[in-house]
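Peer 1: Starting off with a structure, shown below.
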Amino acid sequence: MKPGNAKPLDPAQVRPDFPVLSRQVHGKPLVYLDSANTGQKPRVVIDAVEGYFSRFNANVARAVHQLGEEATSAYEGARDTLTAFLGARHRDELVLTSGTTMAINLVAYSYALPRLKPGDSILVTTMEHHANIVPWQLVAERTGATLKVAPINESGELIVDRFIEMLTPDVKLAGFTHVSNVLGTINPVRQLARACRERGIASLVDGSQAAPHLPLDVQSIGCDFYVITGHKMAGPTGTGVLWARPEHLEAMPPFFGGGDMIRKVSFDGTTFADPPHKFEAGTPNIAGFVGLGAAATYLSGLGMDRIAATEQALLDYATEALQQVPGLRIVGQAAHKAAVISFLIDGVQSHDLATMLDLEGVAVRSGHHCAHPLMDFYGVPSTARASLAFYNTREEVDRLVAAILKVCKLLR
Ligand code: PMP
């Protein structure tokens with residue numbers, strides 16, 4: 001999925017939208033290169049959250065008063081905005097969750113658990129985040145099903161032929177990431193979802209790292225479930241979306257019980273609201289979704305194609321620049337990548353590197369990135385990771401490289 005010919009954004013125009021980017025860290029201007037961990041928030045998102053609390057704080061769905069109506073309309077308005085952002089057919093196909101982790105668990109417990117039996121399998125890939133591994137292990141354990149793993153190559157690309165060969169009749173669901181949070185690899189999700197569909201296998205795409213970087217269209221991807229998390233796409237933490245085909249949401253039993261998800265409760269039994277409300281028990285993160293709606297509007301306003309083009313150019317620049325650092329090896333060299341660069345430097349611990357870079361004002365992540373199996377594949381305990389966003393600049397990449405050269409001298 002290449003960004004095509006979209007015109008890159010001018011960072012000088014978008015950076016002022018993000019108040020935090022102008023702060024100093026340890027006396028140096030902040031260089032924030034940890035957007036795959038959580039993205040920075042533009043002023044419009046901060047204002048939307050503030051506006052909810054200061055002007056129309058009320059619970060949704062239950063109040064008939066003016067504030068309640070305003071809160072409900074802002075919260076449900078976010079569902080509309082996110083429907084368009086994902087390219088979904090109808091707003092009722094979106095379950096609002098606390099994030100990707102919650103969304104995948106919802107599918108695991110509500111869709112997979114009742115269907116799986118001994119001898120069945122779930123297929124994932126080596127490059128999955130723990131959020132797309134552990135829920136499947138938990139339901140596999142309870143049902144006697146097995147987890148199978150489709151391999152990747154040294155460049156960090158899924159071996160697509162193997163993935164397709166592994167879609168045998170015992171496989172009931174395949175879960176794969178759209179973009180790897182460690183390698184940046186963009187998986188050919190349309191092709192993978194089609195292969196699943198042709199075999200009657202449900203597919204779940206983890207879009208956590210795709211939503212901030214790529215134009216999305218769940219209908220053309222053709223999967224059964226697509227999940228995103230708000231905090232990586234300029235929105236608040238504690239927000240996310242499960243998009244699902246309506247026939248699945250109809251058939252799935254509720255996962256959580258409580259208020260707002262029912263039609264009628266009596267001690268003889270309860271009937272449930274229609275999807276998506278059947279899956280949204282309790283008071284939701286109203287402020288968070290007001291913010292996420294504003295975030296999706298902001299990103300769409302900039303243009304996801306332009307965001308992708310901007311980041312692609314920055315990725316190329318950063319890859320080239322980092323490759324000049326003596327002893328540095330980039331982990332993840334897929335042909336199709338989003339702006340995530342994991343790397344190792346000979347003789348330098350990733351954690352020490354990230355700690356020292358912080359003192360230079362440069363924020364990168366180090367660790368296993370919630371992807372132990374992927375670290376095992378590469379035979380390393382951790383990597384350093386610089387993850388870029390459209391608000392980063394070439395000058396910041398230069399600052400990263402200069403800081404690496406400086407701290408490596410001290411660490412070796
Ligand atoms: N999947 C991927 C690919 C991720 O990068 C992350 C967040 N690091 C998650 C899942 C988990 O998402 P959440 O923060 O919503 O729990």
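Residue numbering restarts at 1 for every chain of the structure tokens, chains are lettered A, B, ... in their displayed order, and ligands are numbered from 1 as they appear.
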Looking only at the backbone, which of the residues in range 15-62 of chain A does DSSP tag as helix (DSSP H, G or I), as a list of chain:residue names?

Peer 2: A:Arg15, A:Pro16, A:Asp17, A:Pro19, A:Val20, A:Leu21, A:Ser22, A:Arg43, A:Val44, A:Val45, A:Ile46, A:Asp47, A:Ala48, A:Val49, A:Glu50, A:Gly51, A:Tyr52, A:Phe53, A:Ser54, A:Arg55

Peer 1: Show me a table, sorted first by chain and then by increasing residue number, of the residues of chain A having an atom at most 6 Å from ligand 1, each with its shortest atom pair and the distance in Å to one decimal, counting only C-alpha atoms and all ligand atoms and written as a Markdown table.

Peer 2:
| residue | atom | partner | partner_atom_place_in_ligand_line | distance |
| --- | --- | --- | --- | --- |
| A:Asn37 | CA | ligand 1 | 8 (N) | 5.5 |
| A:Gly99 | CA | ligand 1 | 15 (O) | 3.6 |
| A:Thr100 | CA | ligand 1 | 15 (O) | 3.8 |
| A:Thr101 | CA | ligand 1 | 16 (O) | 4.1 |
| A:His129 | CA | ligand 1 | 1 (N) | 5.0 |
| A:Ala131 | CA | ligand 1 | 10 (C) | 5.1 |
| A:Ser180 | CA | ligand 1 | 3 (C) | 5.7 |
| A:Asn181 | CA | ligand 1 | 5 (O) | 4.6 |
| A:Asp206 | CA | ligand 1 | 1 (N) | 5.9 |
| A:Ser208 | CA | ligand 1 | 2 (C) | 4.9 |
| A:Gln209 | CA | ligand 1 | 3 (C) | 5.4 |
| A:Thr229 | CA | ligand 1 | 15 (O) | 4.5 |

Peer 1: Could you write those residues out with all heavy atoms, as a PDB file, in the first residue's frame?

Peer 2:
ATOM      1  N   ASN A  37       4.468   4.023  20.279  1.00  0.00           N
ATOM      2  CA  ASN A  37       4.115   3.694  21.659  1.00  0.00           C
ATOM      3  C   ASN A  37       2.836   4.441  22.017  1.00  0.00           C
ATOM      4  O   ASN A  37       1.842   3.836  22.392  1.00  0.00           O
ATOM      5  CB  ASN A  37       5.274   4.126  22.553  1.00  0.00           C
ATOM      6  CG  ASN A  37       5.330   3.359  23.836  1.00  0.00           C
ATOM      7  OD1 ASN A  37       4.443   2.571  24.132  1.00  0.00           O
ATOM      8  ND2 ASN A  37       6.361   3.585  24.609  1.00  0.00           N
ATOM      9  N   GLY A  99      -9.647   0.027  23.764  1.00  0.00           N
ATOM     10  CA  GLY A  99      -8.416  -0.056  22.978  1.00  0.00           C
ATOM     11  C   GLY A  99      -8.366  -1.370  22.221  1.00  0.00           C
ATOM     12  O   GLY A  99      -9.339  -2.142  22.216  1.00  0.00           O
ATOM     13  N   THR A 100      -7.237  -1.597  21.594  1.00  0.00           N
ATOM     14  CA  THR A 100      -7.067  -2.819  20.814  1.00  0.00           C
ATOM     15  C   THR A 100      -7.112  -4.066  21.689  1.00  0.00           C
ATOM     16  O   THR A 100      -7.712  -5.075  21.325  1.00  0.00           O
ATOM     17  CB  THR A 100      -5.708  -2.760  20.079  1.00  0.00           C
ATOM     18  OG1 THR A 100      -5.806  -1.748  19.081  1.00  0.00           O
ATOM     19  CG2 THR A 100      -5.357  -4.064  19.445  1.00  0.00           C
ATOM     20  N   THR A 101      -6.447  -3.995  22.827  1.00  0.00           N
ATOM     21  CA  THR A 101      -6.376  -5.169  23.705  1.00  0.00           C
ATOM     22  C   THR A 101      -7.783  -5.631  24.065  1.00  0.00           C
ATOM     23  O   THR A 101      -8.117  -6.816  23.968  1.00  0.00           O
ATOM     24  CB  THR A 101      -5.562  -4.819  24.974  1.00  0.00           C
ATOM     25  OG1 THR A 101      -4.263  -4.402  24.552  1.00  0.00           O
ATOM     26  CG2 THR A 101      -5.451  -5.997  25.917  1.00  0.00           C
ATOM     27  N   HIS A 129       1.949  -8.534  18.186  1.00  0.00           N
ATOM     28  CA  HIS A 129       2.005  -7.945  19.531  1.00  0.00           C
ATOM     29  C   HIS A 129       1.366  -8.955  20.495  1.00  0.00           C
ATOM     30  O   HIS A 129       0.480  -9.711  20.093  1.00  0.00           O
ATOM     31  CB  HIS A 129       1.193  -6.645  19.497  1.00  0.00           C
ATOM     32  CG  HIS A 129       1.242  -5.810  20.733  1.00  0.00           C
ATOM     33  ND1 HIS A 129       0.485  -6.084  21.846  1.00  0.00           N
ATOM     34  CD2 HIS A 129       1.938  -4.688  21.022  1.00  0.00           C
ATOM     35  CE1 HIS A 129       0.712  -5.157  22.779  1.00  0.00           C
ATOM     36  NE2 HIS A 129       1.599  -4.300  22.298  1.00  0.00           N
ATOM     37  N   ALA A 131      -0.861  -8.587  22.450  1.00  0.00           N
ATOM     38  CA  ALA A 131      -2.329  -8.417  22.455  1.00  0.00           C
ATOM     39  C   ALA A 131      -3.011  -9.283  21.404  1.00  0.00           C
ATOM     40  O   ALA A 131      -4.207  -9.568  21.514  1.00  0.00           O
ATOM     41  CB  ALA A 131      -2.689  -6.946  22.213  1.00  0.00           C
ATOM     42  N   SER A 180       3.452  -3.930  11.603  1.00  0.00           N
ATOM     43  CA  SER A 180       4.160  -4.406  12.801  1.00  0.00           C
ATOM     44  C   SER A 180       4.662  -3.236  13.632  1.00  0.00           C
ATOM     45  O   SER A 180       5.307  -2.323  13.104  1.00  0.00           O
ATOM     46  CB  SER A 180       5.344  -5.289  12.393  1.00  0.00           C
ATOM     47  OG  SER A 180       6.278  -5.361  13.466  1.00  0.00           O
ATOM     48  N   ASN A 181       4.416  -3.297  14.949  1.00  0.00           N
ATOM     49  CA  ASN A 181       4.863  -2.218  15.835  1.00  0.00           C
ATOM     50  C   ASN A 181       6.369  -2.253  16.053  1.00  0.00           C
ATOM     51  O   ASN A 181       6.943  -1.288  16.540  1.00  0.00           O
ATOM     52  CB  ASN A 181       4.136  -2.288  17.190  1.00  0.00           C
ATOM     53  CG  ASN A 181       4.430  -3.563  17.952  1.00  0.00           C
ATOM     54  OD1 ASN A 181       4.395  -4.651  17.386  1.00  0.00           O
ATOM     55  ND2 ASN A 181       4.727  -3.450  19.237  1.00  0.00           N
ATOM     56  N   ASP A 206      -5.178  -6.623  13.182  1.00  0.00           N
ATOM     57  CA  ASP A 206      -4.789  -5.669  14.221  1.00  0.00           C
ATOM     58  C   ASP A 206      -4.301  -4.396  13.526  1.00  0.00           C
ATOM     59  O   ASP A 206      -3.195  -4.360  12.983  1.00  0.00           O
ATOM     60  CB  ASP A 206      -3.692  -6.295  15.091  1.00  0.00           C
ATOM     61  CG  ASP A 206      -3.177  -5.335  16.166  1.00  0.00           C
ATOM     62  OD1 ASP A 206      -3.582  -4.161  16.164  1.00  0.00           O
ATOM     63  OD2 ASP A 206      -2.365  -5.779  17.003  1.00  0.00           O
ATOM     64  N   SER A 208      -3.759  -1.455  14.924  1.00  0.00           N
ATOM     65  CA  SER A 208      -3.249  -0.450  15.879  1.00  0.00           C
ATOM     66  C   SER A 208      -2.215   0.473  15.261  1.00  0.00           C
ATOM     67  O   SER A 208      -2.214   1.678  15.501  1.00  0.00           O
ATOM     68  CB  SER A 208      -2.572  -1.129  17.074  1.00  0.00           C
ATOM     69  OG  SER A 208      -3.401  -2.068  17.648  1.00  0.00           O
ATOM     70  N   GLN A 209      -1.307  -0.110  14.491  1.00  0.00           N
ATOM     71  CA  GLN A 209      -0.205   0.685  13.948  1.00  0.00           C
ATOM     72  C   GLN A 209      -0.489   1.142  12.522  1.00  0.00           C
ATOM     73  O   GLN A 209       0.328   1.849  11.929  1.00  0.00           O
ATOM     74  CB  GLN A 209       1.108  -0.125  13.978  1.00  0.00           C
ATOM     75  CG  GLN A 209       1.561  -0.517  15.365  1.00  0.00           C
ATOM     76  CD  GLN A 209       2.098   0.667  16.177  1.00  0.00           C
ATOM     77  OE1 GLN A 209       2.353   1.745  15.645  1.00  0.00           O
ATOM     78  NE2 GLN A 209       2.253   0.463  17.472  1.00  0.00           N
ATOM     79  N   THR A 229      -6.714   1.355  17.989  1.00  0.00           N
ATOM     80  CA  THR A 229      -6.603   1.937  19.320  1.00  0.00           C
ATOM     81  C   THR A 229      -6.431   3.446  19.183  1.00  0.00           C
ATOM     82  O   THR A 229      -5.689   3.912  18.321  1.00  0.00           O
ATOM     83  CB  THR A 229      -5.454   1.263  20.104  1.00  0.00           C
ATOM     84  OG1 THR A 229      -5.524   1.651  21.458  1.00  0.00           O
ATOM     85  CG2 THR A 229      -4.081   1.573  19.549  1.00  0.00           C
TER      86      THR A 229
END

Peer 1: I want to know what sits within 10 Å of range 13-15 of chain A, based on only C-alpha atoms, with residues of the same chain fewer than 3 positions away left out; could you give that as JSON, numbers by chain?

Peer 2: {"A": [9, 10, 18, 19, 20, 21, 22, 42, 302, 390, 391, 392, 393]}

Peer 1: Using only C-alpha atoms, determine which residues lie at most 8 Å from range 134-140 of chain A, disregarding the query and same-chain residues fewer than 5 positions distant; provide the list as a list in words.

Peer 2: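 Within the cut-off, the hits are Ile104, Asn105, Ala108, Tyr109, Ala112, Leu113, Leu116, Ser121, Ile122, Ala145, Thr146 and Leu147 of chain A.
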
Peer 1: Write out as a PyMOL selection string the residues lying within 9 Å of Gly39 in chain A, counting only C-alpha atoms and excluding same-chain residues fewer than 2 positions away.

Peer 2: chain A and resi 34-37+41+212+231-235+389

Peer 1: Rank nothing, just name the residue among A:Leu410, A:Ala211, A:Gly184, A:Ser220 nearest to Met304 in chain A, using only C-alpha atoms.

Peer 2: A:Ala211

Peer 1: Hey, could you make a per-residue contact list for range 24-105 of chain A against range 271-289 of chain A with 12 Å as the cut-off, showing the nearest pair of atoms and its distance in Å to one decimal, counting only C-alpha atoms, sorted by chain and number, as a Markdown table?

Peer 2:
| residue | atom | partner | partner_atom | distance |
| --- | --- | --- | --- | --- |
| A:Val45 | CA | A:Gly288 | CA | 9.4 |
| A:Ile46 | CA | A:Gly288 | CA | 10.1 |
| A:Asp47 | CA | A:Ala287 | CA | 10.8 |
| A:Ala48 | CA | A:Ala287 | CA | 8.1 |
| A:Val49 | CA | A:Ala287 | CA | 5.4 |
| A:Glu50 | CA | A:Ala287 | CA | 8.3 |
| A:Gly51 | CA | A:Ala287 | CA | 9.1 |
| A:Tyr52 | CA | A:Ala287 | CA | 6.3 |
| A:Phe53 | CA | A:Ala287 | CA | 7.3 |
| A:Ser54 | CA | A:Ala287 | CA | 10.8 |
| A:Arg55 | CA | A:Ala287 | CA | 11.7 |
| A:Phe56 | CA | A:Ala287 | CA | 10.2 |
| A:Asn57 | CA | A:Ala287 | CA | 8.4 |
| A:Ala58 | CA | A:Ile286 | CA | 8.9 |
| A:Asn59 | CA | A:Thr283 | CA | 7.3 |
| A:Val60 | CA | A:Thr283 | CA | 7.6 |
| A:Ala61 | CA | A:Thr283 | CA | 9.3 |
| A:Arg62 | CA | A:Thr283 | CA | 9.8 |
| A:Gly68 | CA | A:Ile286 | CA | 11.2 |
| A:Glu70 | CA | A:Ile286 | CA | 11.3 |
| A:Ala71 | CA | A:Ile286 | CA | 7.6 |
| A:Thr72 | CA | A:Ile286 | CA | 8.5 |
| A:Ser73 | CA | A:Ile286 | CA | 10.6 |
| A:Ala74 | CA | A:Phe289 | CA | 8.3 |
| A:Tyr75 | CA | A:Ile286 | CA | 6.0 |
| A:Glu76 | CA | A:Phe289 | CA | 8.7 |
| A:Gly77 | CA | A:Phe289 | CA | 9.1 |
| A:Ala78 | CA | A:Phe289 | CA | 6.1 |
| A:Arg79 | CA | A:Phe289 | CA | 8.1 |
| A:Asp80 | CA | A:Phe289 | CA | 11.1 |
| A:Thr81 | CA | A:Phe289 | CA | 10.4 |
| A:Leu82 | CA | A:Phe289 | CA | 9.8 |
| A:His90 | CA | A:Pro276 | CA | 10.8 |
| A:Arg91 | CA | A:Pro276 | CA | 8.7 |
| A:Asp92 | CA | A:Pro276 | CA | 5.5 |
| A:Glu93 | CA | A:Pro276 | CA | 6.6 |
| A:Leu94 | CA | A:Pro276 | CA | 6.4 |
| A:Val95 | CA | A:Pro276 | CA | 5.2 |
| A:Leu96 | CA | A:Glu280 | CA | 7.0 |
| A:Thr97 | CA | A:Glu280 | CA | 7.6 |
| A:Ser98 | CA | A:Asn285 | CA | 7.7 |
| A:Gly99 | CA | A:Asn285 | CA | 10.9 |
| A:Met102 | CA | A:Phe279 | CA | 11.2 |
| A:Ala103 | CA | A:Phe279 | CA | 10.2 |
| A:Asn105 | CA | A:Phe279 | CA | 12.0 |

Peer 1: Can you tell me, as number ranges by chain, what residues are no more than 10 Å from Asn153 in chain A when counting only C-alpha atoms, ignoring any on the same chain fewer than 5 positions away?

Peer 2: A: 126, 158-159, 332, 334, 377

Peer 1: What lies within 8 Å of Leu216 in chain A using only C-alpha atoms, ignoring chain neighbours under 4 positions off, as an MDAnalysis selection string?

Peer 2: chainID A and resid 85:87 210:211

Peer 1: For Gly327 in chain A, which of A:Gly293, A:Gly347, A:Gly144, A:Pro215 is the closest residue, counting only C-alpha atoms?

Peer 2: A:Gly347

Peer 1: Pull the strand (DSSP E) assignments for range 19-157 of chain A out of DSSP run on the backbone, and list those residues as a VMD selection string.

Peer 2: chain A and resid 24 to 25 28 to 29 31 to 32 94 to 97 121 to 125 146 to 150

Peer 1: Keeping only all heavy atoms, write the selected residues to a file as a compact mmCIF listing (two decimals), in the first residue's frame.

Peer 2:
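Below is the file that was written, result_37.txt:
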# COMPACT_ATOMS: atom_id res chain seq x y z
N GLN A 24 10.87 21.48 26.27
CA GLN A 24 12.25 21.05 26.41
C GLN A 24 12.30 19.84 27.35
O GLN A 24 11.46 19.70 28.24
CB GLN A 24 13.08 22.16 27.04
CG GLN A 24 12.99 23.47 26.29
CD GLN A 24 14.36 23.95 25.85
OE1 GLN A 24 15.33 23.83 26.58
NE2 GLN A 24 14.45 24.47 24.64
N VAL A 25 13.29 18.99 27.12
CA VAL A 25 13.52 17.84 28.00
C VAL A 25 15.01 17.86 28.36
O VAL A 25 15.85 17.91 27.47
CB VAL A 25 13.15 16.53 27.28
CG1 VAL A 25 13.63 15.32 28.07
CG2 VAL A 25 11.65 16.44 27.07
N LYS A 28 16.97 20.44 26.62
CA LYS A 28 17.12 20.40 25.16
C LYS A 28 15.74 20.31 24.51
O LYS A 28 14.81 19.75 25.10
CB LYS A 28 17.93 19.16 24.75
CG LYS A 28 19.19 18.95 25.58
CD LYS A 28 20.37 18.61 24.73
CE LYS A 28 21.68 18.83 25.42
NZ LYS A 28 22.22 17.73 26.16
N PRO A 29 15.60 20.84 23.30
CA PRO A 29 14.28 20.72 22.64
C PRO A 29 13.91 19.25 22.46
O PRO A 29 14.76 18.45 22.05
CB PRO A 29 14.49 21.40 21.28
CG PRO A 29 15.75 22.18 21.40
CD PRO A 29 16.59 21.54 22.47
N VAL A 31 12.79 15.85 21.04
CA VAL A 31 12.64 15.14 19.76
C VAL A 31 11.85 13.88 20.08
O VAL A 31 12.38 12.94 20.68
CB VAL A 31 14.02 14.78 19.15
CG1 VAL A 31 13.82 13.96 17.88
CG2 VAL A 31 14.82 16.03 18.85
N TYR A 32 10.58 13.88 19.74
CA TYR A 32 9.71 12.76 20.14
C TYR A 32 9.65 11.73 19.04
O TYR A 32 9.03 11.94 18.00
CB TYR A 32 8.30 13.28 20.48
CG TYR A 32 7.43 12.19 21.06
CD1 TYR A 32 7.59 11.77 22.38
CD2 TYR A 32 6.47 11.55 20.28
CE1 TYR A 32 6.80 10.75 22.91
CE2 TYR A 32 5.69 10.53 20.80
CZ TYR A 32 5.86 10.14 22.12
OH TYR A 32 5.10 9.12 22.64
N LEU A 94 -19.51 -0.68 14.52
CA LEU A 94 -18.39 -0.27 15.36
C LEU A 94 -18.73 -0.43 16.84
O LEU A 94 -19.65 0.24 17.34
CB LEU A 94 -18.03 1.20 15.11
CG LEU A 94 -17.12 1.49 13.92
CD1 LEU A 94 -17.87 1.29 12.61
CD2 LEU A 94 -16.61 2.91 14.00
N VAL A 95 -17.99 -1.26 17.54
CA VAL A 95 -18.09 -1.37 18.99
C VAL A 95 -16.99 -0.49 19.56
O VAL A 95 -15.82 -0.65 19.20
CB VAL A 95 -17.91 -2.82 19.48
CG1 VAL A 95 -18.05 -2.90 20.99
CG2 VAL A 95 -18.90 -3.76 18.78
N LEU A 96 -17.37 0.44 20.43
CA LEU A 96 -16.36 1.32 21.03
C LEU A 96 -15.79 0.62 22.27
O LEU A 96 -16.55 0.17 23.14
CB LEU A 96 -16.97 2.68 21.37
CG LEU A 96 -17.65 3.40 20.18
CD1 LEU A 96 -18.10 4.80 20.58
CD2 LEU A 96 -16.73 3.46 18.95
N THR A 97 -14.48 0.50 22.29
CA THR A 97 -13.80 -0.27 23.34
C THR A 97 -12.76 0.61 24.03
O THR A 97 -12.58 1.76 23.65
CB THR A 97 -13.08 -1.49 22.73
OG1 THR A 97 -11.97 -1.02 21.95
CG2 THR A 97 -13.99 -2.33 21.86
N SER A 121 -7.84 -24.82 15.31
CA SER A 121 -6.65 -23.98 15.45
C SER A 121 -6.97 -22.52 15.19
O SER A 121 -7.95 -22.19 14.52
CB SER A 121 -5.57 -24.38 14.44
OG SER A 121 -5.36 -25.76 14.47
N ILE A 122 -6.09 -21.70 15.74
CA ILE A 122 -6.09 -20.25 15.44
C ILE A 122 -4.71 -19.98 14.85
O ILE A 122 -3.71 -20.46 15.38
CB ILE A 122 -6.27 -19.43 16.73
CG1 ILE A 122 -7.59 -19.78 17.41
CG2 ILE A 122 -6.18 -17.94 16.46
CD1 ILE A 122 -7.59 -19.51 18.89
N LEU A 123 -4.67 -19.23 13.76
CA LEU A 123 -3.38 -18.94 13.13
C LEU A 123 -3.01 -17.48 13.38
O LEU A 123 -3.84 -16.58 13.16
CB LEU A 123 -3.48 -19.19 11.62
CG LEU A 123 -2.21 -18.94 10.80
CD1 LEU A 123 -1.10 -19.93 11.19
CD2 LEU A 123 -2.50 -19.04 9.29
N VAL A 124 -1.80 -17.25 13.87
CA VAL A 124 -1.28 -15.88 14.00
C VAL A 124 0.08 -15.84 13.28
O VAL A 124 0.48 -16.83 12.68
CB VAL A 124 -1.13 -15.44 15.49
CG1 VAL A 124 -2.48 -15.39 16.17
CG2 VAL A 124 -0.17 -16.35 16.24
N THR A 125 0.77 -14.72 13.35
CA THR A 125 2.09 -14.64 12.71
C THR A 125 3.15 -14.37 13.78
O THR A 125 2.84 -13.93 14.89
CB THR A 125 2.16 -13.51 11.65
OG1 THR A 125 2.41 -12.27 12.33
CG2 THR A 125 0.88 -13.41 10.84
N THR A 146 -5.59 -25.18 19.27
CA THR A 146 -4.13 -24.94 19.26
C THR A 146 -3.84 -23.62 18.54
O THR A 146 -4.58 -23.22 17.65
CB THR A 146 -3.40 -26.01 18.40
OG1 THR A 146 -4.28 -27.10 18.17
CG2 THR A 146 -2.13 -26.48 19.03
N LEU A 147 -2.73 -23.01 18.94
CA LEU A 147 -2.29 -21.79 18.26
C LEU A 147 -1.20 -22.17 17.28
O LEU A 147 -0.22 -22.83 17.65
CB LEU A 147 -1.75 -20.81 19.31
CG LEU A 147 -1.54 -19.38 18.85
CD1 LEU A 147 -2.87 -18.70 18.55
CD2 LEU A 147 -0.80 -18.58 19.92
N LYS A 148 -1.36 -21.75 16.02
CA LYS A 148 -0.33 -22.01 15.02
C LYS A 148 0.29 -20.67 14.62
O LYS A 148 -0.38 -19.64 14.68
CB LYS A 148 -0.95 -22.64 13.78
CG LYS A 148 -1.43 -24.05 14.00
CD LYS A 148 -1.90 -24.60 12.67
CE LYS A 148 -2.24 -26.08 12.78
NZ LYS A 148 -2.83 -26.56 11.52
N VAL A 149 1.54 -20.73 14.17
CA VAL A 149 2.26 -19.49 13.90
C VAL A 149 2.83 -19.48 12.49
O VAL A 149 3.65 -20.33 12.14
CB VAL A 149 3.41 -19.30 14.92
CG1 VAL A 149 4.06 -17.94 14.72
CG2 VAL A 149 2.90 -19.44 16.34
N ALA A 150 2.41 -18.52 11.69
CA ALA A 150 2.94 -18.39 10.33
C ALA A 150 4.28 -17.66 10.39
O ALA A 150 4.41 -16.63 11.07
CB ALA A 150 1.95 -17.63 9.46

Peer 1: Return the single residue from A:Leu249, A:Leu357, A:Val44, A:Ala339 that is closest to Leu183 in chain A, with distances computed using only C-alpha atoms.

Peer 2: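 Ranking A:Leu249, A:Leu357, A:Val44, A:Ala339 by distance to Leu183 in chain A, first place goes to A:Ala339.
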
Peer 1: Return the single residue from A:Thr177, A:Thr185, A:Gln40, A:Gln312 that is closest to Gln333 in chain A, with distances computed using only C-alpha atoms.

Peer 2: A:Thr185

Peer 1: Considering only C-alpha atoms, can you say which of A:Arg199, A:His351, A:Arg394, A:His213 comes closest to Asp305 in chain A?

Peer 2: A:His213

Peer 1: Record the distance separating CA of Ala309 in chain A and CA of Ala321 in chain A, expressed in Å with one decimal.

Peer 2: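 These two atoms are separated by 18.5 Å.
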
Peer 1: CA of Leu192 in chain A and CA of Ile330 in chain A, how far apart in Å?

Peer 2: 26.0 Å

Peer 1: Out of A:Ile404, A:Ala294, A:Cys370, A:Val171, which residue has the shortest atom-to-atom distance to Met356 in chain A when counting only C-alpha atoms?

Peer 2: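 Between A:Ile404, A:Ala294, A:Cys370, A:Val171, the residue approaching Met356 in chain A most closely is A:Ile404.
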
Peer 1: Report, in Å with one decimal, the straight-line distance from CA of Phe256 in chain A to CA of Thr270 in chain A.

Peer 2: 13.1 Å
